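S.K.: My structure is stored as entry.tsv, with TSV, C-alpha atoms and all ligand atoms.
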```tsv
chain	number	residue	atom	x	y	z
K	233	MET	CA	14.32	1.19	-4.87
K	234	ASN	CA	13.75	-2.35	-3.50
K	235	ASP	CA	10.05	-2.52	-4.00
K	236	PRO	CA	8.96	0.02	-6.64
K	237	LYS	CA	5.46	1.28	-5.93
K	238	VAL	CA	4.64	2.65	-9.38
K	239	VAL	CA	3.32	0.25	-12.01
K	240	VAL	CA	3.42	2.06	-15.35
K	241	ALA	CA	0.44	1.15	-17.56
K	242	LEU	CA	1.88	0.60	-21.06
K	243	ASP	CA	-1.23	1.41	-23.04
K	244	PHE	CA	0.43	1.93	-26.47
K	245	ASP	CA	-0.84	0.81	-29.88
K	246	ASP	CA	2.71	0.74	-31.27
K	247	GLN	CA	5.13	-1.85	-29.87
K	248	ASN	CA	8.27	-0.02	-30.98
K	249	LYS	CA	7.07	3.17	-29.38
K	250	ALA	CA	6.38	1.23	-26.16
K	251	LEU	CA	9.84	-0.36	-26.21
K	252	ARG	CA	11.54	2.99	-26.87
K	253	PHE	CA	9.69	4.31	-23.83
K	254	VAL	CA	10.80	1.27	-21.78
K	255	ASP	CA	14.42	1.80	-22.95
K	256	ASP	CA	14.54	4.85	-20.66
K	257	LEU	CA	13.23	3.00	-17.59
K	258	GLU	CA	15.02	0.97	-14.90
K	259	PRO	CA	13.45	-2.13	-13.33
K	260	GLY	CA	14.39	-0.60	-9.97
K	261	SER	CA	12.25	2.49	-10.51
K	262	CYS	CA	8.95	0.99	-11.63
K	263	ARG	CA	7.04	-2.12	-12.65
K	264	LEU	CA	5.15	-2.41	-15.94
K	265	LYS	CA	1.56	-3.29	-16.75
K	266	VAL	CA	0.43	-4.89	-20.00
K	267	GLY	CA	-3.30	-4.65	-20.51
K	268	LYS	CA	-5.91	-5.65	-23.05
K	269	GLU	CA	-4.83	-3.27	-25.81
K	270	MET	CA	-1.15	-4.23	-25.97
K	271	PHE	CA	-1.77	-7.91	-25.28
K	272	THR	CA	-4.32	-8.08	-28.09
K	273	TYR	CA	-1.94	-6.40	-30.52
K	274	PHE	CA	1.37	-7.91	-29.50
K	275	GLY	CA	0.62	-10.96	-27.33
K	276	PRO	CA	2.88	-13.04	-25.07
K	277	ALA	CA	6.04	-12.15	-27.05
K	278	PHE	CA	5.75	-8.55	-25.87
K	279	VAL	CA	5.36	-9.66	-22.24
K	280	ARG	CA	8.40	-11.95	-22.60
K	281	GLU	CA	10.46	-9.06	-23.95
K	282	LEU	CA	9.67	-7.03	-20.82
K	283	THR	CA	10.50	-9.92	-18.43
K	284	ARG	CA	13.71	-10.51	-20.42
K	285	ARG	CA	14.60	-6.92	-19.54
K	286	ASN	CA	14.08	-7.86	-15.86
K	287	PHE	CA	10.88	-5.89	-15.35
K	288	ASP	CA	8.14	-7.21	-13.09
K	289	VAL	CA	5.05	-7.42	-15.31
K	290	PHE	CA	1.47	-7.06	-14.19
K	291	LEU	CA	-0.63	-8.89	-16.79
K	292	ASP	CA	-3.89	-6.97	-16.60
K	293	LEU	CA	-6.39	-9.03	-18.58
K	294	LYS	CA	-9.12	-8.93	-15.91
K	295	PHE	CA	-10.27	-12.50	-16.48
K	296	HIS	CA	-14.01	-13.10	-16.02
K	297	ASP	CA	-15.33	-16.46	-17.21
K	298	ILE	CA	-16.28	-19.90	-15.90
K	299	PRO	CA	-13.97	-21.23	-13.14
K	300	ASN	CA	-12.16	-23.79	-15.33
K	301	THR	CA	-11.39	-21.27	-18.07
K	302	VAL	CA	-10.12	-18.57	-15.72
K	303	ALA	CA	-8.01	-21.04	-13.71
K	304	LYS	CA	-6.34	-22.20	-16.94
K	305	ALA	CA	-5.78	-18.64	-18.09
K	306	CYS	CA	-4.06	-17.93	-14.74
K	307	VAL	CA	-1.79	-20.94	-15.32
K	308	ALA	CA	-0.94	-19.53	-18.76
K	309	ALA	CA	-0.01	-16.23	-17.07
K	310	ALA	CA	2.22	-18.09	-14.58
K	311	GLU	CA	3.91	-19.88	-17.51
K	312	LEU	CA	4.67	-16.45	-18.98
K	313	GLY	CA	6.51	-15.56	-15.78
K	314	VAL	CA	4.47	-12.49	-14.85
K	315	TRP	CA	4.66	-10.91	-11.40
K	316	MET	CA	0.93	-10.25	-11.04
K	317	VAL	CA	-2.29	-11.29	-12.78
K	318	ASN	CA	-5.87	-10.21	-12.18
K	319	LEU	CA	-9.48	-11.37	-12.55
K	320	HIS	CA	-12.86	-9.84	-11.75
K	321	ALA	CA	-14.11	-10.55	-8.22
K	322	SER	CA	-17.64	-10.38	-9.61
K	323	GLY	CA	-16.86	-13.71	-11.35
K	324	GLY	CA	-17.54	-15.23	-7.91
K	325	SER	CA	-15.73	-17.16	-5.21
K	326	ARG	CA	-15.70	-20.50	-7.05
K	327	MET	CA	-13.89	-18.86	-9.98
K	328	MET	CA	-11.42	-17.16	-7.64
K	329	GLU	CA	-10.75	-20.30	-5.57
K	330	ALA	CA	-10.19	-22.42	-8.69
K	331	SER	CA	-7.65	-19.87	-9.92
K	332	ARG	CA	-5.84	-19.69	-6.59
K	333	LYS	CA	-5.62	-23.49	-6.42
K	334	ALA	CA	-4.38	-23.72	-10.01
K	335	LEU	CA	-1.48	-21.40	-9.14
K	336	GLU	CA	-0.46	-23.35	-6.02
K	337	ALA	CA	1.70	-25.64	-8.17
K	338	TYR	CA	4.03	-22.68	-8.82
K	339	GLY	CA	4.87	-22.27	-5.11
K	340	SER	CA	6.78	-19.12	-4.28
K	341	GLU	CA	7.31	-18.49	-8.02
K	342	ARG	CA	3.59	-17.95	-8.62
K	343	PRO	CA	2.24	-14.58	-9.72
K	344	LEU	CA	0.30	-12.50	-7.22
K	345	LEU	CA	-3.41	-13.11	-7.83
K	346	ILE	CA	-5.49	-9.96	-7.51
K	347	ALA	CA	-9.22	-9.32	-7.97
K	348	VAL	CA	-10.73	-6.21	-9.54
K	349	THR	CA	-13.55	-4.84	-7.38
K	350	VAL	CA	-15.25	-1.75	-8.87
K	351	LEU	CA	-13.42	-0.12	-11.79
K	352	THR	CA	-11.93	3.25	-10.90
K	353	SER	CA	-13.64	4.79	-13.93
K	354	MET	CA	-17.07	4.00	-12.47
K	355	SER	CA	-19.12	6.66	-10.72
K	356	ALA	CA	-21.95	5.82	-8.30
K	357	GLU	CA	-24.48	6.41	-11.10
K	358	GLU	CA	-22.68	4.07	-13.50
K	359	LEU	CA	-22.47	1.35	-10.86
K	360	ALA	CA	-26.23	1.69	-10.17
K	361	GLU	CA	-26.85	1.42	-13.92
K	362	THR	CA	-25.39	-2.13	-13.84
K	363	GLY	CA	-27.97	-3.20	-11.25
K	364	VAL	CA	-25.70	-3.10	-8.17
K	365	PRO	CA	-27.75	-1.73	-5.24
K	366	ARG	CA	-24.73	-0.41	-3.28
K	367	THR	CA	-22.45	2.62	-3.30
K	368	PRO	CA	-19.02	2.05	-4.91
K	369	GLU	CA	-17.43	1.94	-1.45
K	370	GLN	CA	-19.94	-0.66	-0.17
K	371	GLN	CA	-19.50	-2.77	-3.29
K	372	VAL	CA	-15.68	-2.61	-3.08
K	373	LEU	CA	-15.87	-3.74	0.56
K	374	TYR	CA	-18.30	-6.52	-0.32
K	375	LEU	CA	-16.14	-7.87	-3.19
K	376	ALA	CA	-12.92	-7.46	-1.20
K	377	GLU	CA	-14.43	-9.65	1.54
K	378	LEU	CA	-15.29	-12.30	-1.08
K	379	THR	CA	-11.74	-12.04	-2.45
K	380	LYS	CA	-10.12	-12.37	0.96
K	381	ARG	CA	-12.23	-15.45	1.78
K	382	ALA	CA	-11.21	-17.02	-1.54
K	383	GLY	CA	-7.58	-16.69	-0.40
K	384	LEU	CA	-6.35	-14.25	-3.07
K	385	ASP	CA	-3.49	-11.83	-2.43
K	386	GLY	CA	-5.48	-8.61	-2.68
K	387	VAL	CA	-7.65	-6.36	-4.79
K	388	VAL	CA	-7.60	-3.64	-7.42
K	389	CYS	CA	-9.62	-0.72	-6.08
K	390	SER	CA	-9.53	3.06	-5.92
K	391	ALA	CA	-7.11	4.68	-3.47
K	392	GLN	CA	-10.21	6.36	-2.02
K	393	GLU	CA	-11.17	2.99	-0.53
K	394	ALA	CA	-7.65	2.00	0.59
K	395	ALA	CA	-7.66	3.16	4.21
K	396	LEU	CA	-10.97	1.40	4.89
K	397	LEU	CA	-9.77	-1.84	3.25
K	398	LYS	CA	-6.45	-1.88	5.14
K	399	ARG	CA	-8.34	-1.33	8.43
K	400	THR	CA	-10.79	-4.10	7.59
K	401	PHE	CA	-8.58	-6.76	6.00
K	402	GLY	CA	-5.12	-6.07	7.47
K	403	GLN	CA	-1.74	-4.97	6.14
K	404	SER	CA	-0.89	-8.14	4.21
K	405	PHE	CA	-3.97	-7.88	1.95
K	406	LYS	CA	-2.48	-6.08	-1.06
K	407	LEU	CA	-4.12	-3.00	-2.57
K	408	ILE	CA	-3.38	-2.05	-6.17
K	409	THR	CA	-4.82	1.27	-7.20
K	410	PRO	CA	-5.25	2.77	-10.65
K	411	GLY	CA	-7.03	6.14	-10.92
K	412	ILE	CA	-3.92	7.95	-9.70
K	413	ARG	CA	-3.56	11.55	-10.80
K	414	PRO	CA	-0.70	13.84	-9.75
K	415	VAL	CA	-1.93	17.38	-9.00
K	416	GLY	CA	-2.72	19.21	-12.24
K	417	SER	CA	-2.99	16.14	-14.52
K	418	GLU	CA	-6.10	15.40	-16.53
K	419	LEU	CA	-8.67	12.96	-15.16
K	420	GLY	CA	-9.45	11.43	-18.57
K	421	ASP	CA	-12.08	8.70	-18.05
K	422	GLN	CA	-11.19	8.10	-14.38
K	423	HIS	CA	-13.65	9.05	-11.63
K	424	ARG	CA	-12.47	7.81	-8.22
K	425	VAL	CA	-8.99	9.35	-8.14
K	426	MET	CA	-6.26	10.36	-5.66
K	427	THR	CA	-2.76	11.82	-5.93
K	428	PRO	CA	0.28	9.51	-5.50
K	429	GLU	CA	1.09	11.02	-2.08
K	430	GLN	CA	-2.49	10.57	-0.86
K	431	ALA	CA	-2.56	6.98	-2.13
K	432	ILE	CA	0.64	5.98	-0.33
K	433	SER	CA	-0.53	7.71	2.86
K	434	ALA	CA	-3.78	5.73	2.62
K	435	GLY	CA	-1.78	2.47	2.65
K	436	VAL	CA	-1.77	1.51	-1.04
K	437	ASP	CA	0.82	-1.16	-1.94
K	438	TYR	CA	1.16	-0.45	-5.69
K	439	MET	CA	-0.15	2.37	-7.87
K	440	VAL	CA	-1.00	1.82	-11.53
K	441	ILE	CA	-0.28	5.01	-13.47
K	442	GLY	CA	-0.62	5.35	-17.22
K	443	ARG	CA	-1.33	8.55	-19.09
K	444	PRO	CA	0.12	11.00	-16.52
K	445	ILE	CA	3.48	9.34	-17.32
K	446	THR	CA	3.18	7.89	-20.83
K	447	GLN	CA	1.46	10.95	-22.36
K	448	SER	CA	3.73	13.41	-20.60
K	449	SER	CA	6.15	15.45	-22.74
K	450	ALA	CA	8.90	14.22	-20.36
K	451	PRO	CA	7.82	10.72	-19.20
K	452	LEU	CA	10.95	9.87	-17.23
K	453	ALA	CA	10.83	13.19	-15.38
K	454	ALA	CA	7.14	12.55	-14.61
K	455	LEU	CA	7.95	9.10	-13.17
K	456	ASN	CA	10.90	10.44	-11.17
K	457	ALA	CA	8.77	13.27	-9.76
K	458	ILE	CA	6.15	10.74	-8.62
K	459	ASN	CA	8.80	8.51	-7.04
K	460	ASP	CA	10.35	11.51	-5.28
K	461	SER	CA	6.96	12.64	-3.99
K	462	ILE	CA	6.22	9.30	-2.35
K	463	ILE	CA	9.68	8.34	-1.12
K	464	LYS	CA	9.26	10.04	2.23
K	465	ARG	CA	5.98	8.23	2.80
K	466	VAL	CA	7.00	4.67	1.84
K	501	LIG	O1	-6.86	-3.39	-13.42
K	501	LIG	C1	-6.45	-2.26	-13.77
K	501	LIG	O2	-5.27	-2.05	-13.97
K	501	LIG	C2	-7.44	-1.16	-13.78
K	501	LIG	C3	-8.54	-1.30	-12.93
K	501	LIG	C4	-9.37	-0.19	-12.70
K	501	LIG	O3	-10.31	-0.27	-11.88
K	501	LIG	N1	-9.11	0.98	-13.35
K	501	LIG	C5	-8.07	1.12	-14.23
K	501	LIG	O4	-7.88	2.23	-14.75
K	501	LIG	N2	-7.27	0.04	-14.51
K	501	LIG	C6	-6.18	0.16	-15.51
K	501	LIG	O5	-5.22	1.10	-15.03
K	501	LIG	C7	-4.72	1.92	-16.10
K	501	LIG	C8	-4.95	3.36	-15.74
K	501	LIG	O6	-4.37	4.17	-16.71
K	501	LIG	P1	-4.42	5.76	-16.64
K	501	LIG	O7	-5.86	6.16	-16.40
K	501	LIG	O8	-3.91	6.19	-17.98
K	501	LIG	O9	-3.53	6.17	-15.49
K	501	LIG	C9	-5.42	1.45	-17.39
K	501	LIG	O10	-4.54	0.61	-18.07
K	501	LIG	C10	-6.64	0.67	-16.90
K	501	LIG	O11	-6.91	-0.43	-17.75
```
For this file, produce the structure as structure tokens.
M.R.:
Amino acid sequence: MNDPKVVVALDFDDQNKALRFVDDLEPGSCRLKVGKEMFTYFGPAFVRELTRRNFDVFLDLKFHDIPNTVAKACVAAAELGVWMVNLHASGGSRMMEASRKALEAYGSERPLLIAVTVLTSMSAEELAETGVPRTPEQQVLYLAELTKRAGLDGVVCSAQEAALLKRTFGQSFKLITPGIRPVGSELGDQHRVMTPEQAISAGVDYMVIGRPITQSSAPLAALNAINDSIIKRV
């Protein structure tokens, strides 16, 4: 596969277990995501080990801080050689623009810079609880607009919002969607979910999938089944 669509979320608390899991994977069949749990336990060395094995790594630390701090954190991610890095769009356009500019020095080698809109675990009620006076869909659209104007590569959103965002912002604006659940798998803490086939049909560029693969009794078979299910639609 030239451009694997599945980004496996490596949310393990044991590095050796994670690496044994990765031993069975091919860089051509998926990309890998390192998030807050693994990065806090195992740090940059773990990320370097994955890039050494030729995997594209999405460093998912969802930066949200003052513009100078986030821009420098994005540079640190570029130094690590990751494929993609993210920040929270709600940090504002000045923070996003500073980060984009800081990555310009890396030219075509720079990581993709992606903004999180509304977390896929959030329901309408939970979003309202944070003081946002919009539906999740309206807020995703609002933050995606801010992200596009700041010149970032795309957003993290739910696949439920993908068709609307592709229509509004065009094909080149990348959509990365967690909250993916193959038919029959448990929702866990996710709320705004879709199946892999639905997500690809909606125009999603990359799907982040964790527990349905990593917690499966046959993880490789679970990944292969997802890849097979979307291959006709890519
Ligand atoms: O940025 C992310 O990756 C992310 C954004 C979001 O809105 N929702 C979301 O679930 N994620 C991440 O995507 C992964 C989803 O994992 P599973 O729910 O196990 O498939 C987790 O590692 C989350 O941290």
S.K.: Which residues are near Leu373 of chain K? Cut-off 9 Å, all atoms listed in the file, ignore same chain within fewer than 5 positions. Put them as a CSV table (one decimal) with C-alpha atoms, keeping the file's coordinate frame.
M.R.:
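Final output, around_31.csv:
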```csv
chain,number,residue,atom,x,y,z
K,349,THR,CA,-13.6,-4.8,-7.4
K,368,PRO,CA,-19.0,2.0,-4.9
K,378,LEU,CA,-15.3,-12.3,-1.1
K,393,GLU,CA,-11.2,3.0,-0.5
K,396,LEU,CA,-11.0,1.4,4.9
K,397,LEU,CA,-9.8,-1.8,3.2
K,400,THR,CA,-10.8,-4.1,7.6
```
S.K.: Looking at all atoms listed in the file, which of K:Gly323, K:Gly267, K:Gly435, K:Gly386 is the one that sits closest to ligand LIG 501 (chain K)?
M.R.: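 With all atoms listed in the file as the atom set, the closest residue is K:Gly267.
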S.K.: Expressed in Å to a single decimal, how great is the separation between atom CA of Phe274 of chain K and atom CA of Asp288 of chain K?
M.R.: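 Value for the atom CA of Phe274 of chain K-atom CA of Asp288 of chain K distance: 17.8 Å.
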S.K.: Using Å and a single decimal, report how far atom C6 of ligand LIG 501 (chain K) sits from atom CA of Arg413 of chain K.
M.R.: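 That distance, rounded to one decimal, is 12.6 Å.
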S.K.: Give me, please, the distance in Å between atom CA of Phe287 of chain K and atom CA of Pro259 of chain K, quoted to one decimal.
M.R.: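 Between atom CA of Phe287 of chain K and atom CA of Pro259 of chain K the gap is 5.0 Å.
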S.K.: Could you give me, as a compact mmCIF listing (two decimals) with C-alpha atoms, keeping the file's coordinate frame, the residues within 9 Å of Thr446 of chain K, counting all atoms listed in the file and dropping anything in the same chain fewer than 4 positions from it?
M.R.:
```
# COMPACT_ATOMS: atom_id res chain seq x y z
CA VAL K 240 3.42 2.06 -15.35
CA ALA K 241 0.44 1.15 -17.56
CA LEU K 242 1.88 0.60 -21.06
CA ASP K 243 -1.23 1.41 -23.04
CA PHE K 244 0.43 1.93 -26.47
CA PHE K 253 9.69 4.31 -23.83
CA ILE K 441 -0.28 5.01 -13.47
CA GLY K 442 -0.62 5.35 -17.22
CA ALA K 450 8.90 14.22 -20.36
CA PRO K 451 7.82 10.72 -19.20
CA LEU K 452 10.95 9.87 -17.23
CA ALA K 454 7.14 12.55 -14.61
```
S.K.: Counting only C-alpha atoms and all ligand atoms, which residue out of K:Glu418, K:Asp255, K:Glu358, K:Asp246 sits closest to ligand LIG 501 (chain K)?
M.R.: K:Glu418
S.K.: Using only C-alpha atoms and all ligand atoms, which residue out of K:Val266, K:Phe278, K:Ala250, K:Ala305 lies closest to ligand LIG 501 (chain K)?
M.R.: K:Val266
S.K.: Hey, which of K:Asp292, K:Asp235, K:Glu281, K:Glu341 ends up closest to ligand LIG 501 (chain K)? Count all atoms listed in the file.
M.R.: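 Result for the nearest residue to ligand LIG 501 (chain K): K:Asp292.
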S.K.: Taking only residues of chain K that have an atom at most 9 Å from an atom of ligand LIG 501 (chain K), what is each one's shortest atom pair and its distance in Å to one decimal, using only C-alpha atoms and all ligand atoms, in chain and number order, as JSON lines?
M.R.:
```
{"residue": "K:Val240", "atom": "CA", "partner": "K:LIG501", "partner_atom": "O9", "distance": 8.1}
{"residue": "K:Ala241", "atom": "CA", "partner": "K:LIG501", "partner_atom": "O10", "distance": 5.0}
{"residue": "K:Leu242", "atom": "CA", "partner": "K:LIG501", "partner_atom": "O10", "distance": 7.1}
{"residue": "K:Asp243", "atom": "CA", "partner": "K:LIG501", "partner_atom": "O10", "distance": 6.0}
{"residue": "K:Lys265", "atom": "CA", "partner": "K:LIG501", "partner_atom": "O10", "distance": 7.4}
{"residue": "K:Val266", "atom": "CA", "partner": "K:LIG501", "partner_atom": "O10", "distance": 7.7}
{"residue": "K:Gly267", "atom": "CA", "partner": "K:LIG501", "partner_atom": "O10", "distance": 5.9}
{"residue": "K:Lys268", "atom": "CA", "partner": "K:LIG501", "partner_atom": "O11", "distance": 7.5}
{"residue": "K:Glu269", "atom": "CA", "partner": "K:LIG501", "partner_atom": "O10", "distance": 8.7}
{"residue": "K:Phe290", "atom": "CA", "partner": "K:LIG501", "partner_atom": "O2", "distance": 8.4}
{"residue": "K:Leu291", "atom": "CA", "partner": "K:LIG501", "partner_atom": "O2", "distance": 8.7}
{"residue": "K:Asp292", "atom": "CA", "partner": "K:LIG501", "partner_atom": "O1", "distance": 5.6}
{"residue": "K:Leu293", "atom": "CA", "partner": "K:LIG501", "partner_atom": "O1", "distance": 7.7}
{"residue": "K:Lys294", "atom": "CA", "partner": "K:LIG501", "partner_atom": "O1", "distance": 6.5}
{"residue": "K:Asn318", "atom": "CA", "partner": "K:LIG501", "partner_atom": "O1", "distance": 7.0}
{"residue": "K:Leu319", "atom": "CA", "partner": "K:LIG501", "partner_atom": "O1", "distance": 8.4}
{"residue": "K:His320", "atom": "CA", "partner": "K:LIG501", "partner_atom": "O1", "distance": 9.0}
{"residue": "K:Ile346", "atom": "CA", "partner": "K:LIG501", "partner_atom": "O1", "distance": 8.9}
{"residue": "K:Ala347", "atom": "CA", "partner": "K:LIG501", "partner_atom": "O1", "distance": 8.4}
{"residue": "K:Val348", "atom": "CA", "partner": "K:LIG501", "partner_atom": "O1", "distance": 6.2}
{"residue": "K:Thr349", "atom": "CA", "partner": "K:LIG501", "partner_atom": "O3", "distance": 7.2}
{"residue": "K:Val350", "atom": "CA", "partner": "K:LIG501", "partner_atom": "O3", "distance": 6.0}
{"residue": "K:Leu351", "atom": "CA", "partner": "K:LIG501", "partner_atom": "O3", "distance": 3.1}
{"residue": "K:Thr352", "atom": "CA", "partner": "K:LIG501", "partner_atom": "O3", "distance": 4.0}
{"residue": "K:Ser353", "atom": "CA", "partner": "K:LIG501", "partner_atom": "N1", "distance": 5.9}
{"residue": "K:Met354", "atom": "CA", "partner": "K:LIG501", "partner_atom": "O3", "distance": 8.0}
{"residue": "K:Val388", "atom": "CA", "partner": "K:LIG501", "partner_atom": "O1", "distance": 6.1}
{"residue": "K:Cys389", "atom": "CA", "partner": "K:LIG501", "partner_atom": "O3", "distance": 5.9}
{"residue": "K:Ser390", "atom": "CA", "partner": "K:LIG501", "partner_atom": "O3", "distance": 6.9}
{"residue": "K:Ile408", "atom": "CA", "partner": "K:LIG501", "partner_atom": "O2", "distance": 8.0}
{"residue": "K:Thr409", "atom": "CA", "partner": "K:LIG501", "partner_atom": "C4", "distance": 7.3}
{"residue": "K:Pro410", "atom": "CA", "partner": "K:LIG501", "partner_atom": "O5", "distance": 4.7}
{"residue": "K:Gly411", "atom": "CA", "partner": "K:LIG501", "partner_atom": "O4", "distance": 5.5}
{"residue": "K:Ile412", "atom": "CA", "partner": "K:LIG501", "partner_atom": "O9", "distance": 6.1}
{"residue": "K:Arg413", "atom": "CA", "partner": "K:LIG501", "partner_atom": "O9", "distance": 7.1}
{"residue": "K:Leu419", "atom": "CA", "partner": "K:LIG501", "partner_atom": "O7", "distance": 7.5}
{"residue": "K:Gly420", "atom": "CA", "partner": "K:LIG501", "partner_atom": "O7", "distance": 6.7}
{"residue": "K:Asp421", "atom": "CA", "partner": "K:LIG501", "partner_atom": "O7", "distance": 6.9}
{"residue": "K:Gln422", "atom": "CA", "partner": "K:LIG501", "partner_atom": "O7", "distance": 6.0}
{"residue": "K:Met439", "atom": "CA", "partner": "K:LIG501", "partner_atom": "O5", "distance": 8.9}
{"residue": "K:Val440", "atom": "CA", "partner": "K:LIG501", "partner_atom": "O5", "distance": 5.5}
{"residue": "K:Ile441", "atom": "CA", "partner": "K:LIG501", "partner_atom": "O9", "distance": 4.0}
{"residue": "K:Gly442", "atom": "CA", "partner": "K:LIG501", "partner_atom": "O8", "distance": 3.5}
{"residue": "K:Arg443", "atom": "CA", "partner": "K:LIG501", "partner_atom": "O8", "distance": 3.7}
{"residue": "K:Pro444", "atom": "CA", "partner": "K:LIG501", "partner_atom": "O9", "distance": 6.1}
{"residue": "K:Ile445", "atom": "CA", "partner": "K:LIG501", "partner_atom": "O9", "distance": 7.9}
{"residue": "K:Thr446", "atom": "CA", "partner": "K:LIG501", "partner_atom": "O8", "distance": 7.8}
{"residue": "K:Gln447", "atom": "CA", "partner": "K:LIG501", "partner_atom": "O8", "distance": 8.4}
```
S.K.: Output segment 365-380 of chain K as a short mmCIF file (atom, residue, chain, number, x, y, z; two decimals), in the frame of the given file, making sure N, CA and C atoms are there.
M.R.:
```cif
data_model
loop_
_atom_site.label_atom_id
_atom_site.label_comp_id
_atom_site.auth_asym_id
_atom_site.auth_seq_id
_atom_site.Cartn_x
_atom_site.Cartn_y
_atom_site.Cartn_z
N PRO K 365 -27.01 -2.62 -6.13
CA PRO K 365 -27.75 -1.73 -5.24
C PRO K 365 -26.91 -1.15 -4.11
N ARG K 366 -25.62 -0.92 -4.33
CA ARG K 366 -24.73 -0.41 -3.28
C ARG K 366 -23.94 0.79 -3.81
N THR K 367 -23.37 1.55 -2.89
CA THR K 367 -22.45 2.62 -3.30
C THR K 367 -21.16 1.95 -3.76
N PRO K 368 -20.30 2.64 -4.53
CA PRO K 368 -19.02 2.05 -4.91
C PRO K 368 -18.24 1.55 -3.69
N GLU K 369 -18.21 2.35 -2.63
CA GLU K 369 -17.43 1.94 -1.45
C GLU K 369 -17.99 0.65 -0.84
N GLN K 370 -19.33 0.58 -0.73
CA GLN K 370 -19.94 -0.66 -0.17
C GLN K 370 -19.65 -1.86 -1.06
N GLN K 371 -19.72 -1.65 -2.37
CA GLN K 371 -19.50 -2.77 -3.29
C GLN K 371 -18.03 -3.22 -3.28
N VAL K 372 -17.11 -2.26 -3.16
CA VAL K 372 -15.68 -2.61 -3.08
C VAL K 372 -15.45 -3.44 -1.82
N LEU K 373 -16.03 -3.02 -0.71
CA LEU K 373 -15.87 -3.74 0.56
C LEU K 373 -16.46 -5.15 0.45
N TYR K 374 -17.62 -5.23 -0.16
CA TYR K 374 -18.30 -6.52 -0.32
C TYR K 374 -17.44 -7.48 -1.17
N LEU K 375 -16.94 -7.00 -2.30
CA LEU K 375 -16.14 -7.87 -3.19
C LEU K 375 -14.76 -8.16 -2.61
N ALA K 376 -14.22 -7.22 -1.83
CA ALA K 376 -12.92 -7.46 -1.20
C ALA K 376 -13.05 -8.57 -0.16
N GLU K 377 -14.17 -8.58 0.54
CA GLU K 377 -14.43 -9.65 1.54
C GLU K 377 -14.48 -11.01 0.84
N LEU K 378 -15.19 -11.05 -0.29
CA LEU K 378 -15.29 -12.30 -1.08
C LEU K 378 -13.89 -12.75 -1.53
N THR K 379 -13.10 -11.77 -1.96
CA THR K 379 -11.74 -12.04 -2.45
C THR K 379 -10.86 -12.57 -1.34
N LYS K 380 -10.95 -11.95 -0.18
CA LYS K 380 -10.12 -12.37 0.96
C LYS K 380 -10.49 -13.81 1.35
#
```
